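Participant: Quick one: structure below, then a few questions.
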Amino acid sequence: MPARTAYPLQLPGLTATDDIDTVINWGLGADSSAYLARMLTDPAGHGIDLDRTAVLYMATGSEWPETRLLAEEFILPLLREHGVRFVQLARNGHLAADGITVLDDSRHAERLHTRGAWTLWEEMETVGTVPQQAGTRKCSLRAKGDVGDRWILAVMGGRPFRQIIGFNADEAGRCLKDQANSKLAGRTGEFPLVDWGWGRKECEGYLLERFNVHWPKSYCTFCCFPISMGSLPAHMERMRAHPGIAGEVLRLEYTAMSLNPNAKLYGKKSLLELFDPTQERDQACLEAFQRELDMPWALYRVRRLFLLSADGGHRPVMRSTERIGLGRPAQLAHKLTAVSQRFGIAVERDHQYGRARAWLRPRRPAWPMAEELFATAPARVIDKKDKNFEQHWDALVSGPAAQLPFV
Ligand code: SF4
């Protein structure tokens, strides 16, 4: 594992006097791979001085294996052949202060580094959640955007530079957002695929003709966006081709949904409900999921606060998660059921996969409100409490707040 680097970056050979003035973001997918492959047929003709260019890749830790293999088989040799500087980066930890790591920085990279010390997966699973579908892609900013920006900041030091992004011609709207959102001093965004009029079809067609392979989409195995990108059928086929990955992603979702029934991977739909246990083609994934659940479980107490701001708007939901005990799923479910019955509280059981859940304070439709539940789940989630949670909880939850039958 390469050395961890605290922010700001201070690595030998990496200074603001570096003569790089062009950065190309490579996300491993068809769009940016097609751009690189075509541009490298005639760099100067495409306005690229390779001596002053770096290709940036940010490892999230959960890329699909075939995307990785294709990148190593077809694009890395091109980068080596042309002596392109290829910089591989990863985030170091949950906090911004943890910094980033330069996994590799070379003009003859032999391999793709798939992860750093921190991964998005571990961050999601330890807090018992899945990527958010609505709003900004915060996960992408954390795992990729912020990481690249930090390297650029350290290397450019505010000098003018251009950043080439592989948005394709079908997603020209993203170019406008990119221009509006970038906060890097001296940056000019360029979108050559849009200039070429290359949409997804043209990029895939180019790679097919050039390398004789169908280039799949690049995204984290647990990403929620395949459903909104209209590629759910292809995504499910990919899952079926990798039952082990499907099992892990199902565990991630199941854990999150144990603590919050709304935490379905695809908004209204869960990944689990997209597999049909009566279909032979889905059985390997569901069996892999069963194996993933064969691990220590925990009983959790989860509280959420849905508070209003001074102007009456909704504040971000606050949460406290506490691990009450460890054990096997059946043993914990029995304990939860026995205690709940004494207090007349119903218990929801999932007899197939093991979850038990009891609502002490069910969610209500109107804000402000407090929610409290006890649930069993794979013991991957750590204790976590938002700042000032207890103070807000005490202010909202009146009455016998100490009546907590399970603790
Ligand atoms: S691929 Fe999906 S899960 Fe991964 S960082 Fe991007 S938006 Fe988030």
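In the structure tokens, chains take the letters A, B, ... in the order shown, each chain's residues start at 1, and ligands count up from 1 in the order shown.
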If we count only C-alpha atoms and set the cut-off at 10 Å, which residues sit around Ala169 of chain A, ignoring sequence neighbours fewer than 4 positions away in its own chain? Please answer as a short mmCIF file (atom, residue, chain, number, x, y, z; two decimals) with all heavy atoms, in the first residue's frame.
Facilitator:
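As a result, result14.cif now contains:
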data_model
loop_
_atom_site.label_atom_id
_atom_site.label_comp_id
_atom_site.auth_asym_id
_atom_site.auth_seq_id
_atom_site.Cartn_x
_atom_site.Cartn_y
_atom_site.Cartn_z
N ASP A 31 -16.76 6.50 -22.31
CA ASP A 31 -16.60 7.86 -22.83
C ASP A 31 -15.15 8.35 -22.73
O ASP A 31 -14.53 8.70 -23.74
CB ASP A 31 -17.53 8.83 -22.07
CG ASP A 31 -18.99 8.41 -22.19
OD1 ASP A 31 -19.32 7.75 -23.18
OD2 ASP A 31 -19.77 8.74 -21.29
N GLY A 173 -25.73 18.90 -20.91
CA GLY A 173 -26.17 19.67 -19.75
C GLY A 173 -25.18 19.60 -18.60
O GLY A 173 -25.04 20.54 -17.82
N ARG A 174 -24.47 18.48 -18.51
CA ARG A 174 -23.51 18.33 -17.41
C ARG A 174 -22.34 19.30 -17.57
O ARG A 174 -21.69 19.67 -16.60
CB ARG A 174 -22.98 16.90 -17.34
CG ARG A 174 -24.04 15.91 -16.90
CD ARG A 174 -23.50 14.49 -16.85
NE ARG A 174 -22.62 14.27 -15.70
CZ ARG A 174 -21.91 13.14 -15.52
NH1 ARG A 174 -21.99 12.17 -16.40
NH2 ARG A 174 -21.15 13.00 -14.45
N CYS A 175 -22.06 19.70 -18.82
CA CYS A 175 -20.95 20.63 -19.05
C CYS A 175 -21.25 21.98 -18.39
O CYS A 175 -20.39 22.60 -17.76
CB CYS A 175 -20.71 20.85 -20.53
SG CYS A 175 -20.51 19.33 -21.45
N PHE A 191 -14.62 19.83 -23.06
CA PHE A 191 -15.46 18.64 -23.23
C PHE A 191 -15.38 18.18 -24.69
O PHE A 191 -16.31 18.37 -25.48
CB PHE A 191 -16.91 18.96 -22.82
CG PHE A 191 -16.97 19.72 -21.53
CD1 PHE A 191 -17.11 21.11 -21.52
CD2 PHE A 191 -16.84 19.06 -20.32
CE1 PHE A 191 -17.12 21.82 -20.33
CE2 PHE A 191 -16.84 19.76 -19.13
CZ PHE A 191 -16.98 21.15 -19.13
N PRO A 192 -14.27 17.56 -25.06
CA PRO A 192 -14.03 17.26 -26.48
C PRO A 192 -15.07 16.33 -27.09
O PRO A 192 -15.38 16.46 -28.28
CB PRO A 192 -12.63 16.61 -26.48
CG PRO A 192 -12.33 16.28 -25.07
CD PRO A 192 -13.13 17.18 -24.22
N LEU A 193 -15.61 15.39 -26.31
CA LEU A 193 -16.60 14.47 -26.90
C LEU A 193 -17.84 15.24 -27.35
O LEU A 193 -18.46 14.91 -28.36
CB LEU A 193 -17.00 13.38 -25.89
CG LEU A 193 -15.90 12.38 -25.51
CD1 LEU A 193 -16.37 11.48 -24.38
CD2 LEU A 193 -15.49 11.54 -26.71
N VAL A 194 -18.18 16.27 -26.60
CA VAL A 194 -19.33 17.10 -26.99
C VAL A 194 -18.97 17.84 -28.28
O VAL A 194 -19.77 17.91 -29.22
CB VAL A 194 -19.70 18.08 -25.85
CG1 VAL A 194 -20.84 19.00 -26.27
CG2 VAL A 194 -20.06 17.31 -24.58
N ASP A 195 -17.73 18.37 -28.34
CA ASP A 195 -17.29 19.07 -29.56
C ASP A 195 -17.29 18.12 -30.77
O ASP A 195 -17.60 18.52 -31.88
CB ASP A 195 -15.87 19.64 -29.38
CG ASP A 195 -15.82 20.65 -28.24
OD1 ASP A 195 -16.89 21.16 -27.88
OD2 ASP A 195 -14.72 20.89 -27.69
N TRP A 196 -16.93 16.86 -30.54
CA TRP A 196 -16.90 15.90 -31.65
C TRP A 196 -18.31 15.41 -32.01
O TRP A 196 -18.48 14.71 -33.01
CB TRP A 196 -16.08 14.65 -31.28
CG TRP A 196 -14.65 14.87 -30.93
CD1 TRP A 196 -13.92 16.01 -31.09
CD2 TRP A 196 -13.76 13.91 -30.36
NE1 TRP A 196 -12.64 15.83 -30.63
CE2 TRP A 196 -12.51 14.54 -30.18
CE3 TRP A 196 -13.89 12.57 -29.96
CZ2 TRP A 196 -11.40 13.88 -29.63
CZ3 TRP A 196 -12.79 11.92 -29.42
CH2 TRP A 196 -11.56 12.58 -29.26
N GLY A 197 -19.27 15.70 -31.14
CA GLY A 197 -20.62 15.18 -31.36
C GLY A 197 -20.70 13.68 -31.07
O GLY A 197 -21.56 12.98 -31.60
N TRP A 198 -19.82 13.19 -30.20
CA TRP A 198 -19.82 11.77 -29.85
C TRP A 198 -20.69 11.51 -28.62
O TRP A 198 -20.35 11.94 -27.52
CB TRP A 198 -18.40 11.28 -29.55
CG TRP A 198 -17.59 10.96 -30.77
CD1 TRP A 198 -17.79 11.45 -32.02
CD2 TRP A 198 -16.47 10.07 -30.84
NE1 TRP A 198 -16.85 10.92 -32.88
CE2 TRP A 198 -16.02 10.07 -32.18
CE3 TRP A 198 -15.79 9.29 -29.91
CZ2 TRP A 198 -14.93 9.32 -32.60
CZ3 TRP A 198 -14.70 8.54 -30.34
CH2 TRP A 198 -14.29 8.56 -31.67
N GLY A 199 -21.80 10.83 -28.83
CA GLY A 199 -22.61 10.37 -27.71
C GLY A 199 -22.10 9.01 -27.25
O GLY A 199 -21.09 8.51 -27.74
N ARG A 200 -22.83 8.40 -26.35
CA ARG A 200 -22.43 7.09 -25.82
C ARG A 200 -22.25 6.06 -26.94
O ARG A 200 -21.29 5.30 -26.96
CB ARG A 200 -23.50 6.64 -24.80
CG ARG A 200 -23.61 5.18 -24.51
CD ARG A 200 -22.61 4.66 -23.50
NE ARG A 200 -22.45 5.51 -22.34
CZ ARG A 200 -21.62 5.23 -21.35
NH1 ARG A 200 -20.90 4.14 -21.38
NH2 ARG A 200 -21.51 6.04 -20.32
N LYS A 201 -23.20 6.11 -27.92
CA LYS A 201 -23.16 5.12 -29.00
C LYS A 201 -21.85 5.24 -29.81
O LYS A 201 -21.21 4.24 -30.12
CB LYS A 201 -24.36 5.37 -29.94
CG LYS A 201 -24.98 4.10 -30.46
CD LYS A 201 -26.27 4.37 -31.16
CE LYS A 201 -25.99 4.42 -32.65
NZ LYS A 201 -26.81 5.24 -33.44
N GLU A 202 -21.47 6.46 -30.11
CA GLU A 202 -20.26 6.66 -30.91
C GLU A 202 -19.01 6.20 -30.12
O GLU A 202 -18.09 5.61 -30.68
CB GLU A 202 -20.10 8.13 -31.31
CG GLU A 202 -21.05 8.59 -32.40
CD GLU A 202 -22.48 8.81 -31.92
OE1 GLU A 202 -22.69 8.88 -30.68
OE2 GLU A 202 -23.39 8.89 -32.76
N CYS A 203 -19.02 6.50 -28.81
CA CYS A 203 -17.85 6.10 -27.99
C CYS A 203 -17.75 4.58 -27.94
O CYS A 203 -16.66 4.01 -28.15
CB CYS A 203 -18.00 6.66 -26.55
SG CYS A 203 -17.89 8.45 -26.50
#
Participant: Hey, which residues come within 9 Å of ligand 1 if we count only C-alpha atoms and all ligand atoms? Could you give them as a short mmCIF file (atom, residue, chain, number, x, y, z; two decimals) with C-alpha atoms, in the first residue's frame?
Facilitator:
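This went into result-v6.cif:
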data_model
loop_
_atom_site.label_atom_id
_atom_site.label_comp_id
_atom_site.auth_asym_id
_atom_site.auth_seq_id
_atom_site.Cartn_x
_atom_site.Cartn_y
_atom_site.Cartn_z
CA THR A 60 -13.24 4.34 -5.44
CA GLY A 61 -12.51 0.76 -4.38
CA SER A 62 -15.59 -0.82 -5.98
CA GLU A 63 -15.11 -0.76 -9.74
CA LEU A 120 -16.71 4.44 -0.29
CA TRP A 121 -18.05 0.97 0.42
CA VAL A 130 -26.41 3.36 0.61
CA PRO A 131 -25.62 6.10 -1.94
CA GLN A 132 -28.24 8.82 -2.04
CA GLN A 133 -30.30 8.89 -5.20
CA ARG A 137 -23.87 12.82 -6.06
CA LYS A 138 -22.10 13.41 -2.76
CA CYS A 139 -20.40 10.01 -2.93
CA SER A 140 -18.84 10.89 -6.26
CA LEU A 141 -17.59 14.20 -4.93
CA ARG A 142 -16.05 12.52 -1.89
CA ALA A 143 -14.44 9.60 -3.69
CA LYS A 144 -13.46 11.32 -6.93
CA SER A 218 -17.85 2.24 -15.27
CA TYR A 219 -19.43 2.69 -11.84
CA CYS A 220 -19.28 1.31 -8.31
CA THR A 221 -20.89 -2.11 -7.93
CA PHE A 222 -23.34 -0.66 -5.38
CA CYS A 223 -24.16 2.51 -7.32
CA CYS A 224 -27.82 3.52 -7.39
CA PHE A 225 -27.63 5.25 -10.77
CA PRO A 226 -28.00 2.31 -13.19
#
Participant: Using only C-alpha atoms, which of A:Arg323, A:His108, A:Arg349, A:Arg281 sits nearest Thr126 of chain A?
Facilitator: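 Among the listed residues, the smallest separation from Thr126 of chain A belongs to A:Arg323.
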Participant: So which residues of segment 119-341 of chain A fall under strand (DSSP E) by DSSP, listed as a PyMOL selection string?
Facilitator: chain A and resi 161-164+187-190+297-306+318-327
Participant: Write a file of the selected residues as a PDB file, in the first residue's frame, keeping C-alpha atoms.
Facilitator:
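This went into part.pdb:
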ATOM      1  CA  PHE A 161      -4.849  24.988 -16.584  1.00  0.00           C
ATOM      2  CA  ARG A 162      -7.479  23.115 -18.517  1.00  0.00           C
ATOM      3  CA  GLN A 163      -9.306  20.049 -17.325  1.00  0.00           C
ATOM      4  CA  ILE A 164     -10.591  17.680 -19.970  1.00  0.00           C
ATOM      5  CA  ARG A 187      -9.421  26.149 -14.373  1.00  0.00           C
ATOM      6  CA  THR A 188     -11.027  25.929 -17.796  1.00  0.00           C
ATOM      7  CA  GLY A 189     -13.182  22.871 -18.429  1.00  0.00           C
ATOM      8  CA  GLU A 190     -13.089  21.273 -21.886  1.00  0.00           C
ATOM      9  CA  TRP A 297     -25.064  -9.793  13.852  1.00  0.00           C
ATOM     10  CA  ALA A 298     -25.925  -6.986  16.213  1.00  0.00           C
ATOM     11  CA  LEU A 299     -28.995  -5.497  17.823  1.00  0.00           C
ATOM     12  CA  TYR A 300     -29.069  -1.762  17.139  1.00  0.00           C
ATOM     13  CA  ARG A 301     -30.967   1.108  18.670  1.00  0.00           C
ATOM     14  CA  VAL A 302     -31.548   3.753  16.016  1.00  0.00           C
ATOM     15  CA  ARG A 303     -32.979   7.188  16.638  1.00  0.00           C
ATOM     16  CA  ARG A 304     -33.649   9.863  14.050  1.00  0.00           C
ATOM     17  CA  LEU A 305     -34.663  13.466  14.397  1.00  0.00           C
ATOM     18  CA  PHE A 306     -36.517  15.292  11.658  1.00  0.00           C
ATOM     19  CA  MET A 318     -29.982  13.726  12.521  1.00  0.00           C
ATOM     20  CA  ARG A 319     -29.214  10.188  13.575  1.00  0.00           C
ATOM     21  CA  SER A 320     -27.883   8.186  16.481  1.00  0.00           C
ATOM     22  CA  THR A 321     -26.968   4.506  16.039  1.00  0.00           C
ATOM     23  CA  GLU A 322     -25.944   2.397  19.020  1.00  0.00           C
ATOM     24  CA  ARG A 323     -24.998  -1.239  19.107  1.00  0.00           C
ATOM     25  CA  ILE A 324     -26.850  -2.884  22.005  1.00  0.00           C
ATOM     26  CA  GLY A 325     -25.555  -6.438  21.708  1.00  0.00           C
ATOM     27  CA  LEU A 326     -23.879  -9.004  19.468  1.00  0.00           C
ATOM     28  CA  GLY A 327     -24.993 -12.528  18.568  1.00  0.00           C
TER      29      GLY A 327
END
Participant: So which bits of segment 91-321 of chain A end up alpha helix (DSSP H) when you DSSP the backbone, as number ranges by chain?
Facilitator: A: 120-127, 138-140, 146-156, 172-181, 192-196, 200-211, 232-241, 243-259, 271-274, 280-293
Participant: Give me the residues near segment 87-95 of chain A as JSON, numbers by chain, where near means some atom within 10 Å (using only C-alpha atoms) and where sequence neighbours in that chain fewer than 5 positions away do not count.
Facilitator: {"A": [3, 4, 5, 6, 7, 23, 25, 26, 54, 55, 56, 57, 58, 59, 60, 61, 100, 101, 102, 103, 104, 105, 106, 107, 109, 112, 113, 114, 115, 116, 117, 118, 119, 120, 122, 123, 142, 143, 144, 146, 147, 148, 150, 151]}
Participant: Could you tell me which of A:Val249, A:Ile345, A:Ala172, A:Val155 comes closest to Asp21 of chain A if we count only C-alpha atoms?
Facilitator: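 Comparing A:Val249, A:Ile345, A:Ala172, A:Val155 against Asp21 of chain A, the winner is A:Val155.
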Participant: Mind checking which residues fall within 10 Å of Lys269 of chain A, counting only C-alpha atoms, ignoring those fewer than 6 positions away in the same chain, and posting them as a list in words?
Facilitator: Ile227, Asn262 and Ala263 of chain A
Participant: Taking into account only C-alpha atoms, which residue in the set A:Arg355, A:Lys335, A:Arg210, A:Lys264 is nearest to Pro378 of chain A?
Facilitator: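 Answer, going by the shortest atom-to-atom distance: A:Arg355.
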Participant: May I ask for the distance between atom CA of Arg251 of chain A and atom CA of Arg315 of chain A, given in Å to one decimal place?
Facilitator: 29.4 Å
Participant: Using only C-alpha atoms, which of the listed residues (A:Met156, A:Ala375, A:Gly83, A:Arg342) sits closest to Arg357 of chain A?
Facilitator: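 Between A:Met156, A:Ala375, A:Gly83, A:Arg342, the residue approaching Arg357 of chain A most closely is A:Ala375.
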Participant: Check the smallest atom-to-atom distance from each of A:Leu28, A:Val127, A:Leu332, A:Leu70 to Thr255 of chain A using only C-alpha atoms, then report the winner.
Facilitator: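 Selected residue with least distance to Thr255 of chain A: A:Val127.
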Participant: Could you give me, as a list in words, the residues within 10 Å of Phe74 of chain A, counting only C-alpha atoms and dropping anything in the same chain fewer than 6 positions from it?
Facilitator: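 In the requested format, the answer is Ser33, Ala37, Leu207, Arg210, Phe211 and Val213 of chain A.
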Participant: Output N, CA, C and O atoms of each residue in that selection to a file, as a compact mmCIF listing (two decimals), in the first residue's frame.
Facilitator:
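Final output, part.txt:
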# COMPACT_ATOMS: atom_id res chain seq x y z
N SER A 33 -12.54 6.65 -22.02
CA SER A 33 -11.59 5.71 -22.65
C SER A 33 -11.55 5.96 -24.16
O SER A 33 -10.48 5.92 -24.78
N ALA A 37 -8.24 7.01 -26.27
CA ALA A 37 -7.77 6.17 -27.37
C ALA A 37 -7.69 6.98 -28.67
O ALA A 37 -6.72 6.88 -29.43
N LEU A 207 -14.71 2.15 -29.60
CA LEU A 207 -13.93 1.16 -28.82
C LEU A 207 -14.13 -0.25 -29.37
O LEU A 207 -13.19 -1.06 -29.40
N ARG A 210 -12.10 -0.39 -32.56
CA ARG A 210 -10.65 -0.30 -32.31
C ARG A 210 -10.11 -1.53 -31.58
O ARG A 210 -9.06 -2.05 -31.92
N PHE A 211 -10.85 -1.97 -30.54
CA PHE A 211 -10.31 -3.06 -29.70
C PHE A 211 -11.12 -4.36 -29.78
O PHE A 211 -10.79 -5.33 -29.11
N VAL A 213 -14.03 -4.98 -28.51
CA VAL A 213 -14.69 -5.33 -27.24
C VAL A 213 -15.86 -4.37 -27.01
O VAL A 213 -15.82 -3.21 -27.44
